[in-house]
Amino acid sequence: MQSIPIVPLGEANLEAAANILSRAYSAPPWNEDWSVEAATERVSQLLAAPRRIAAAAWDAAQPVGFAIGTWRRHHKGRLLYVEEIAVLPEAQGAGVGTALLAAITDVARKAGCERIWLVSQRVGKVSEFYRRNGFVSSDHLDVYTKMS
């Protein structure tokens with residue numbers, strides 16, 4: 001795998017990150033209709049969060065992916081919650097997501113985090129990606145939602 005430049009993600013790259021989120025999540029397997037406006041608001045909120053860890057992957061002169069997590073206190077110590085990870089569809093499968101996970105994991109470890117968790121699909125390519133990167137699904141947690 002060739003080296004993928006990873007740099008901190010900040011407000012200066014908000015527009016590019018919103019475009020990545022919009023494009024990545026509109027593609028399979030998500031098929032979500034993220035407008036650039038909604039994606040901009042989402043990324044902006046995450047970047048403003050306290051204790052955030054944010055990184056962007058670059059190819060030539062533009063970002064092709066990003067990851068944002070926040071470290072939180074847990075009864076067993078600090079943990080990193082991966083809020084978003086998104087890679088442009090044409091850059092997927094080239095190690096960008098793996099490099100981003102490694103980058104924010106390294107920062108989290110240095111901040112004293114002992115665990116990482118996230119919410120994602122239970123089966124399919126996304127699940128396989130996380131499993132290849134050492135994640136295991138929980139046998140005691142589930143995700144609940146309710147519409148108002």
# chains A, B, ... in the order shown; residues from 1 in each chain; ligands from 1
call {"tool": "residues_around", "arguments": {"residues": "A:Pro8", "least_positions_apart": "2", "cutoff": "8 Å", "atoms": "only C-alpha atoms", "output": "list in words"}}
result
Ile6, Gly10, Ala54, Ala55 and Ala56 of chain A
call {"tool": "residues_around", "arguments": {"residues": "A:Ser35", "least_positions_apart": "6", "cutoff": "12 Å", "atoms": "only C-alpha atoms", "output": "list of chain:residue names"}}
result
A:Ala18, A:Asn19, A:Ile20, A:Leu21, A:Ser22, A:Arg23, A:Ala24, A:Tyr25, A:Ser26, A:Glu41, A:Arg42
call {"tool": "closest_residue", "arguments": {"among": "A:Gly124, A:Gly112, A:Pro50, A:Pro89", "to": "A:Thr70", "atoms": "only C-alpha atoms"}}
result
A:Pro50
call {"tool": "closest_residue", "arguments": {"among": "A:Ser44, A:Arg73, A:Val126, A:Ala86", "to": "A:Glu11", "atoms": "only C-alpha atoms"}}
result
A:Ser44
call {"tool": "residues_around", "arguments": {"residues": "A:Lys125", "least_positions_apart": "3", "cutoff": "8 Å", "atoms": "only C-alpha atoms", "output": "compact mmCIF listing (two decimals) with N, CA, C and O atoms, in the first residue's frame"}}
result
# COMPACT_ATOMS: atom_id res chain seq x y z
N PRO A 29 -23.14 1.12 0.35
CA PRO A 29 -24.38 0.48 0.76
C PRO A 29 -25.34 1.41 1.49
O PRO A 29 -26.43 1.01 1.85
N GLU A 128 -17.25 -5.73 6.94
CA GLU A 128 -16.00 -6.43 6.62
C GLU A 128 -14.79 -5.52 6.78
O GLU A 128 -13.73 -5.93 7.25
N PHE A 129 -14.93 -4.25 6.37
CA PHE A 129 -13.85 -3.27 6.53
C PHE A 129 -13.45 -3.14 8.00
O PHE A 129 -12.27 -3.21 8.35
call {"tool": "closest_residue", "arguments": {"among": "A:Thr98, A:Leu79, A:Glu84, A:Ala17", "to": "A:Arg131", "atoms": "only C-alpha atoms"}}
result
A:Thr98
call {"tool": "atom_distance", "arguments": {"atom1": "atom CA of A:Ile85", "atom2": "atom CA of A:Ala111"}}
result
19.6 Å
